[in-house]
Amino acid sequence: MLFSYNWLKSFFSAEIPEPKKLAELLTLHSFEVESLEKKGNDWILGIDVLPDRAGDCLSHIGIAKEISVLLNKKLILPKTKLNTKGKESISVEVVDGRDCLRYMARVIDNVKITESPKWIKEKLEACGLNSINNVVDATNYVMLETGQPLHAFDFNNVSKGIIVRRARKGEKMMTLSEKDYLLDENILIIADAEKPLALAGIKGGKKAEIGKNTKKIILESANFNAKLISQTARKLNLRTDASIRFEHNIDPNLTELAMNRVVSIIEEIAKGEVVSKIIDVYKTKAKTRKIILNISEVSKVIGIEIPQKNIIDILQRLGFGVKQMKGKLSVDVPTYRQDVVIPENLIEEIGRVYGYEKVEEKLPYGFLEGIKRNETGYWQNKARDILKELGFSEVYSYSFIGDEEKDVFNLKAEEIVNPVSSYFKYLRPTLIPQMAKIVKENSKFFKDIKVFEVGKSFEKNKETYALSGAVSCSDFYGLKGCLNILFDNLGIKNVNYSGIKEKLFWNKGNTADIIIKGEKVGNIGSLSLDICQALSLDNNIVYFEINFEKLVKNCSRTKTYEIISYHPPLLRDISGIVPENVSIDNIIELIKNKGGQLLKSAEVFDVYKGNGIPQGKKSVSFHLIYQSEEKTLDSKTVDFLRDSLINELKKEVNWEERK
Amino acid sequence: MDLIELKNSAEKELEKIAKSTELKSFFDKYLGKKGEIRQLFSLVKNLTEEERKKLGQEINEFARNLEAKVADLEKDLRKKEIEIEENSKSLDVSLSGSKIETGHLNPLTLTRREMERIFELMGFSVVDGPEVEDEWHNFDSLNIPEGHPARDALSLGKTYYLKNGNVLRTQTSSAQTRYMEKMTPPIRIVIPGKVYRYETTDASHEINFYQIEGLLVDENVSVANLKAVLRKFLNEFFERDVEIRLRPSYFPFTEPSFEVDMLCTVCNGKGCAACKRSGWVEILGTGIVHPNVIKNGKLDPKKYKGFAFGMAIDRMAMMKYKINDVRLFHSGNLKFLKQF
């Protein structure tokens with residue numbers, strides 16, 4: 001519901017916080033303030049009044065009461081003088097007191113239906129209601145102020161008196177918005193001797209509508225069965241400002257205040273004259289409710305010690321009567337708090353007014369602090385799963401190597417004082433020799449071999465997790481494709497591959513250093529030809545070894561969804577000749593940086609050296625995909641983008657476009 | 001040739017060798033069985049015993065040295081040759097790797113797994129509940145009796161009914177009492193699963209989505225406990241120290257009830273589009289289990305208390321991956337799925 005800050009403020013003589021502060025206060029202690037907007041010299045608060053408090057807080061006085069409780073400041077209610085003039089009466093019959101808890105009516109004569117004065121119009125508008133005429137506006141105004149829905153009937157269109165009864169099956173009624181409803185015995189109506197006048201608590205009917213020529217009116221301030229109203233409103237799919245309030249148990253004792261308010265306003269703005277006394281059918285009076293609250297239970301449920309005097313003070317501010325007993329409080333709940341029924345409700349009240357921000361966190365009994373994920377282990381497992389998905393099998397090998405591996409691979413390795421055998425004389429400084437051996441052994445039985453291992457490699461006084469693997473069934477680019485998937489799934493971006501710097505046991509021509517953010521993290525490639533010869537290994541096996549600890553530093557679980565475009569992509573190919581030493585990575589990087597926002601991807605599809613291409617140069621070709629999230633791109637735009645990209649490439653890498 | 005001449009010619013010849021394959025003939029020429037060095041020994045015959053011994057030693061030393069030089073040279077040459085051979089077939093290692101397809105899991109699975117992992121770490125068991133529920137478990141057991149406005153709000157308009165009167169659960173809370181009945185406190189469970197709402201779909205509403213319900217029942221359970229457990233969860237889930245606040249709320253099945261807000265991770269509380277300028281984002285609903293629910297779970301509300309919480313897995317996934325439309329999860333759109 002929308003609330004006017006100025007209206008709320010009018011109930012206090014003391015200062016109240018500025019709108020933003022007030023909104024925060026209410027959000028933390030009462031209800032969420034969902035919106036706050038300046039309107040003229042007023043601020044409008046959109047407050048999401050909770051369903052259990054809709055009975056007393058869907059009104060400015062209700063929210064003002066909350067503010068008064070939270071700030072401990074006195075609330076000043078508008079004065080209504082009880083008007084007792086008038087001798088006329090009208091008959092009111094309530095058929096079932098369970099359907100209609102209270103029905104209050106009053107007759108006003110000689111009203112003059114006009115537009116409402118500015119102050120009423122402004123307030124209604126601020127709260128999102130349309131102005132209709134002064135009488136209807138007065139009822140709405142009082143509803144916004146007190147929370148009590150009211151209704152006005154044209155006296156002259158009411159035959160005899162008011163009857164509150166269930167509709168008869170097949171009875172029809174047209175509402176004020178000129179819609180016909182077919183009624184039945186589950187629907188409560190206000191009727192006269194002949195016909196339905198209103199859907200009780202929901203909407204008025206056309207028959208006794210207040211019109212331009214209305215002179216004499218009947219005002220209704222009543223209280224209906226909440227369940228009945230709720231079910232009818234939903235069944236008819238007709239939820240109104242009135243029905244929403246009635247379905248949440250309004251205080252039956254509120255009708256009087258509202259009636260007095262609306263009468264005095266109508267007298268003021270419609271020049272009416274009260275001609276009847278108050279007619280009040282109120283069979284079973286709502287009474288205060290008594291709840292016994294165990295004081296120790298409050299701290300037990302909230303989890304912090306709240307002093308008894310604070311508890312009592314909060315309850316009293318809320319308007320509850322409090323009597324102290326031994327360790328307990330006897331609490332009288334006023335009728336406007338129909339939501340407070342059990343001690344837990346009181347605890348909630350105490351907690352929210354006291355402030356949940358004051359509740360210090362405490363783990364429940366038996367919870368262990370500080371159980372943390374092992375990051376290295378997590379990423380290792382993740383890497384294992386990805387490689388497995390790529391068709392690799394995980395091997396476990398010993399941490400030892402023998403003289404043959406040490407010599408052939410030319411390794412520095414720490415020696416074991418008491419090896420179990422000469423084959424296990426040293427701690428392995430790399431896992432590659434074992435990968436080679438495993439592939440060799442398995443190649444007797446399998447054609448396509450893909451293996452990997454996560455394990456420690458050892459240098460003097462230092463051990464490091466390594467991730468190594470080998471494939472017999474694909475080339476360098478095939479394994480690189482696998483590693484791309486691995487890195488991508490580990491959340492690693494910007495991986496570069498460049499020619500190997502330190503040869504070690506690798507084949508210099510087809511091995512790369514894997515570089516992430518300028519740091520070498522591993523190698524991918526095949527083994528030096530002399531090693532292959534010495535150990536009779538297949539030259540074509542491709543291996544990788546990655547320092548897992550360096551890798552982990554670059555792993556990330558953060559992933560951001562890229563909005564899908566529903567517009568078609570436009571494809572452009574570019575081909576050019578560049579110096580041989582310009583790397584493809586470099587060109588792709590450049591294309592990404594200079595290609596513009598609409599360039600979604602750039603992929604190399606051809607690299608060629610030799611016949612027709614000058615010495616020291618190579619020809620490269622790329623697919624470029626352009627796409628926009630907002631619109632379908634036209635060729636002209638994309639051609640322009642492609643041409644400006646080619647110009648950039650000319651400048652940066654001596655690109656000569658091939659036609 | 002005498003020894004000196006032989007030394008000179010061998011060294012000269014060796015210097016000229018540029019291929020490892022040429023070493024074989026060199027070796028045969030000098031160090032072979034019928035090689036020059038062997039022949040030197042014929043000179044020894046005519047010498048005195050002493051001279052013979054001396055020259056013999058010199059020849060042997062020369063042979064050893066030469067052999068070592070040949071071996072070294074062979075190593076050097078092989079190394080160079082291999083490098084040349086390797087370089088001659090050199091690859092452009094910067095070319096893209098082959099395109100390989102792997103499968104993808106729905107981000108809802110990823111999010112749910114992560115949530116389950118964290119709660120398991122805290123000692124919660126992950127349990128499952130039925131999606132087709134009777135009205136008692138879906139409403140009554142949760143303190144939403146017939147005629148309750150919340151019951152009307154859910155049952156009239158938001159709930160799917162089957163012909164036999166059963167409903168598709170509107171929240172995972174419906175499994176709460178099922179487990180309370182079967183278990184002895186302390187109870188620590190989370191119930192992830194699908195829930196159903198009759199809705200008009202838009203970017204933030206779906207006709208079915210996923211929730212995870214948490215329930216802890218023990219003799220002493222407080223708001224302070226609830227706050228601590230939820231913060232721990234959120235810190236782990238978002239992998240940062242999140243700032244949270246409890247705001248009073250209303251659910252029929254908890255009292256007191258709260259909405260938990262988290263300081264907006266996009267703007268850090270300054271207010272942005274993601275948090276509708278409020279600086280806070282609503283994360284989940286929670287509260288101390290209503291005594292009627294404990295009773296409906298066949299436990300004594302005087303002895304046992306509990307806290308429960310429920311959050312939409314879809315929403316959490318949307319926050320985690322910055323997904324802008326809830327309908328994507330059930331769209332089957334590979335453009336979406338392949339991003340995860």
# chains A, B, ... in the order shown; residues from 1 in each chain; ligands from 1

call {"tool": "residues_around", "arguments": {"residues": "Pro117 (chain A)", "least_positions_apart": "3", "cutoff": "12 Å", "atoms": "only C-alpha atoms", "output": "VMD selection string"}}
result
chain A and resid 113 to 114 120 to 124 131 to 135 137 to 138 141 265 to 266 268 to 270

call {"tool": "write_last_selection", "arguments": {"atoms": "C-alpha atoms", "output": "PDB file, in the first residue's frame"}}
result
ATOM      1  CA  ILE A 113     -22.538  15.996  -4.096  1.00  0.00           C
ATOM      2  CA  THR A 114     -19.631  17.924  -5.536  1.00  0.00           C
ATOM      3  CA  ILE A 120      -8.715  15.200   0.149  1.00  0.00           C
ATOM      4  CA  LYS A 121      -7.993  14.802  -3.548  1.00  0.00           C
ATOM      5  CA  GLU A 122      -4.288  15.179  -2.941  1.00  0.00           C
ATOM      6  CA  LYS A 123      -4.185  12.513  -0.280  1.00  0.00           C
ATOM      7  CA  LEU A 124      -6.238  10.047  -2.287  1.00  0.00           C
ATOM      8  CA  SER A 131     -11.321  10.918  -6.749  1.00  0.00           C
ATOM      9  CA  ILE A 132     -15.040  10.274  -7.460  1.00  0.00           C
ATOM     10  CA  ASN A 133     -17.127  12.719  -5.486  1.00  0.00           C
ATOM     11  CA  ASN A 134     -16.962  14.254  -2.046  1.00  0.00           C
ATOM     12  CA  VAL A 135     -19.008  11.560  -0.252  1.00  0.00           C
ATOM     13  CA  ASP A 137     -13.933  10.283  -1.366  1.00  0.00           C
ATOM     14  CA  ALA A 138     -14.660  10.872   2.317  1.00  0.00           C
ATOM     15  CA  TYR A 141     -10.147   8.911   2.892  1.00  0.00           C
ATOM     16  CA  ILE A 265     -15.729  14.991   7.281  1.00  0.00           C
ATOM     17  CA  ILE A 266     -18.940  14.704   5.275  1.00  0.00           C
ATOM     18  CA  GLU A 268     -17.545  19.549   6.633  1.00  0.00           C
ATOM     19  CA  ILE A 269     -17.148  18.981   2.896  1.00  0.00           C
ATOM     20  CA  ALA A 270     -20.649  17.977   1.726  1.00  0.00           C
TER      21      ALA A 270
END

call {"tool": "interface_residues", "arguments": {"of": "chain A", "to": "chain B", "cutoff": "6 Å", "atoms": "only C-alpha atoms", "output": "PDB file with C-alpha atoms, in the first residue's frame"}}
result
ATOM      1  CA  LEU A  28      14.131  -3.379   9.744  1.00  0.00           C
ATOM      2  CA  LYS A 227     -12.733 -16.068   5.736  1.00  0.00           C
ATOM      3  CA  VAL A 301      14.082 -18.248  21.236  1.00  0.00           C
ATOM      4  CA  ILE A 302      15.871 -15.048  20.238  1.00  0.00           C
ATOM      5  CA  GLY A 303      19.233 -16.337  21.397  1.00  0.00           C
ATOM      6  CA  GLU A 348       8.225 -12.004  17.602  1.00  0.00           C
ATOM      7  CA  VAL A 359      21.276 -10.653  17.854  1.00  0.00           C
ATOM      8  CA  GLU A 360      24.801 -12.014  17.823  1.00  0.00           C
ATOM      9  CA  GLU A 361      25.302 -15.056  15.679  1.00  0.00           C
ATOM     10  CA  LYS A 362      25.907 -18.333  17.469  1.00  0.00           C
ATOM     11  CA  LEU A 363      26.322 -21.668  15.718  1.00  0.00           C
ATOM     12  CA  PRO A 364      23.952 -24.345  17.017  1.00  0.00           C
ATOM     13  CA  TYR A 477      46.338 -29.804 -31.800  1.00  0.00           C
ATOM     14  CA  GLY A 478      44.069 -32.579 -30.624  1.00  0.00           C
ATOM     15  CA  LYS A 480      45.688 -28.779 -27.184  1.00  0.00           C
ATOM     16  CA  GLY A 481      41.926 -28.939 -27.802  1.00  0.00           C
ATOM     17  CA  TYR A 497      51.171 -21.348 -26.180  1.00  0.00           C
ATOM     18  CA  LYS A 508      61.839 -28.651 -29.840  1.00  0.00           C
ATOM     19  CA  GLY A 509      59.852 -28.485 -33.072  1.00  0.00           C
ATOM     20  CA  ASN A 510      56.489 -29.504 -31.719  1.00  0.00           C
ATOM     21  CA  LYS A 559      31.252 -17.663 -14.265  1.00  0.00           C
ATOM     22  CA  THR A 560      29.098 -14.973 -15.798  1.00  0.00           C
ATOM     23  CA  TYR A 561      26.314 -15.761 -18.183  1.00  0.00           C
ATOM     24  CA  ILE A 584      48.141 -16.553 -34.520  1.00  0.00           C
ATOM     25  CA  ASP A 585      47.489 -15.853 -30.829  1.00  0.00           C
TER      26      ASP A 585
END

call {"tool": "select_by_dssp", "arguments": {"residues": "region 119-292 of chain B", "states": "helix (DSSP H, G or I)", "output": "PyMOL selection string"}}
result
chain B and resi 119-121+135-138+140-142+149-155+172-182+223-238+291-292

call {"tool": "residues_around", "arguments": {"residues": "region 469-475 of chain A", "least_positions_apart": "4", "cutoff": "8 Å", "atoms": "only C-alpha atoms", "output": "PyMOL selection string"}}
result
chain A and resi 432+435-436+439+447-453+479+540-545

call {"tool": "write_last_selection", "arguments": {"atoms": "N, CA and C atoms", "output": "compact mmCIF listing (two decimals), in the first residue's frame"}}
result
# COMPACT_ATOMS: atom_id res chain seq x y z
N ILE A 432 56.64 -37.57 -16.72
CA ILE A 432 56.63 -37.90 -18.15
C ILE A 432 57.23 -39.29 -18.47
N MET A 435 54.65 -41.79 -17.94
CA MET A 435 53.57 -41.70 -18.93
C MET A 435 54.00 -42.44 -20.19
N ALA A 436 55.26 -42.19 -20.59
CA ALA A 436 55.78 -42.82 -21.81
C ALA A 436 55.74 -44.35 -21.68
N VAL A 439 52.14 -45.72 -21.82
CA VAL A 439 51.58 -45.73 -23.18
C VAL A 439 52.22 -46.87 -23.97
N LYS A 447 44.74 -49.25 -29.22
CA LYS A 447 45.19 -48.33 -30.26
C LYS A 447 45.14 -46.88 -29.76
N ASP A 448 43.98 -46.55 -29.18
CA ASP A 448 43.79 -45.16 -28.75
C ASP A 448 44.00 -45.05 -27.25
N ILE A 449 45.11 -44.51 -26.90
CA ILE A 449 45.42 -44.44 -25.46
C ILE A 449 45.41 -42.99 -25.01
N LYS A 450 44.69 -42.76 -23.91
CA LYS A 450 44.68 -41.42 -23.30
C LYS A 450 44.80 -41.63 -21.80
N VAL A 451 45.89 -41.20 -21.22
CA VAL A 451 46.07 -41.40 -19.77
C VAL A 451 46.51 -40.09 -19.12
N PHE A 452 46.24 -40.01 -17.82
CA PHE A 452 46.77 -38.87 -17.07
C PHE A 452 47.01 -39.27 -15.63
N GLU A 453 47.79 -38.48 -14.95
CA GLU A 453 48.03 -38.71 -13.53
C GLU A 453 48.19 -37.36 -12.84
N LEU A 479 45.45 -32.65 -28.64
CA LEU A 479 45.68 -32.56 -27.19
C LEU A 479 45.48 -31.13 -26.71
N ASN A 540 55.04 -40.20 -32.25
CA ASN A 540 53.82 -39.41 -32.39
C ASN A 540 53.02 -39.25 -31.10
N ILE A 541 53.48 -39.85 -30.02
CA ILE A 541 52.75 -39.69 -28.78
C ILE A 541 52.92 -38.24 -28.30
N VAL A 542 51.79 -37.65 -27.88
CA VAL A 542 51.86 -36.27 -27.39
C VAL A 542 51.62 -36.27 -25.88
N TYR A 543 52.43 -35.49 -25.19
CA TYR A 543 52.39 -35.46 -23.73
C TYR A 543 52.08 -34.06 -23.23
N PHE A 544 51.61 -33.98 -22.00
CA PHE A 544 51.59 -32.67 -21.35
C PHE A 544 51.97 -32.84 -19.89
N GLU A 545 52.57 -31.82 -19.34
CA GLU A 545 52.83 -31.81 -17.90
C GLU A 545 52.62 -30.38 -17.42

call {"tool": "atom_distance", "arguments": {"atom1": "CA of Phe392 (chain A)", "atom2": "CA of Asn547 (chain A)"}}
result
18.6 Å

call {"tool": "residues_around", "arguments": {"residues": "region 601-612 of chain A", "least_positions_apart": "2", "cutoff": "12 Å", "atoms": "only C-alpha atoms", "output": "NGL selection string"}}
result
(:A and (569-599 or 614-627 or 642 or 645 or 658)) or (:B and (91-92 or 94-99))

call {"tool": "write_last_selection", "arguments": {"atoms": "C-alpha atoms", "output": "tab-separated table (two decimals), in the first residue's frame"}}
result
chain	number	residue	atom	x	y	z
A	569	PRO	CA	24.60	-13.49	-36.64
A	570	LEU	CA	26.41	-12.21	-39.72
A	571	LEU	CA	29.49	-14.07	-40.90
A	572	ARG	CA	32.53	-12.48	-42.58
A	573	ASP	CA	35.78	-14.16	-43.61
A	574	ILE	CA	39.09	-12.36	-43.87
A	575	SER	CA	42.33	-13.69	-45.37
A	576	GLY	CA	45.68	-11.99	-45.39
A	577	ILE	CA	49.41	-12.41	-45.63
A	578	VAL	CA	51.51	-11.62	-42.57
A	579	PRO	CA	55.17	-12.11	-41.64
A	580	GLU	CA	55.84	-15.71	-40.60
A	581	ASN	CA	56.90	-14.75	-37.07
A	582	VAL	CA	53.57	-13.11	-36.18
A	583	SER	CA	51.76	-15.64	-34.00
A	584	ILE	CA	48.14	-16.55	-34.52
A	585	ASP	CA	47.49	-15.85	-30.83
A	586	ASN	CA	48.75	-12.36	-31.37
A	587	ILE	CA	46.44	-11.77	-34.34
A	588	ILE	CA	43.42	-13.18	-32.51
A	589	GLU	CA	44.15	-10.98	-29.51
A	590	LEU	CA	44.34	-8.00	-31.84
A	591	ILE	CA	41.08	-8.91	-33.60
A	592	LYS	CA	39.33	-9.21	-30.24
A	593	ASN	CA	40.60	-5.84	-29.06
A	594	LYS	CA	39.99	-3.94	-32.27
A	595	GLY	CA	37.02	-5.81	-33.69
A	596	GLY	CA	34.36	-3.78	-31.91
A	597	GLN	CA	31.56	-4.74	-29.50
A	598	LEU	CA	29.48	-6.51	-32.12
A	599	LEU	CA	32.25	-8.99	-32.97
A	614	PRO	CA	56.46	-15.00	-50.47
A	615	GLN	CA	59.37	-16.42	-48.46
A	616	GLY	CA	59.15	-15.51	-44.75
A	617	LYS	CA	55.40	-14.91	-44.92
A	618	LYS	CA	52.30	-16.93	-44.26
A	619	SER	CA	48.70	-16.72	-45.28
A	620	VAL	CA	46.03	-16.79	-42.54
A	621	SER	CA	42.24	-16.80	-42.70
A	622	PHE	CA	39.64	-16.13	-40.06
A	623	HIS	CA	35.89	-16.54	-39.65
A	624	LEU	CA	34.43	-13.47	-37.95
A	625	ILE	CA	30.96	-13.58	-36.40
A	626	TYR	CA	29.08	-10.34	-35.77
A	627	GLN	CA	25.89	-10.22	-33.73
A	642	ARG	CA	35.38	-5.59	-41.01
A	645	LEU	CA	39.48	-4.08	-38.48
A	658	ARG	CA	44.26	-11.37	-50.06
B	91	LEU	CA	54.64	-26.71	-35.75
B	92	ASP	CA	52.97	-23.34	-35.23
B	94	SER	CA	49.92	-20.97	-31.34
B	95	LEU	CA	47.35	-22.34	-33.79
B	96	SER	CA	44.05	-23.16	-32.10
B	97	GLY	CA	43.56	-26.63	-30.74
B	98	SER	CA	41.00	-28.94	-32.25
B	99	LYS	CA	37.38	-28.24	-31.39

call {"tool": "residues_around", "arguments": {"residues": "Ser159 (chain A)", "least_positions_apart": "6", "cutoff": "8 Å", "atoms": "only C-alpha atoms", "output": "VMD selection string"}}
result
chain A and resid 192 to 194
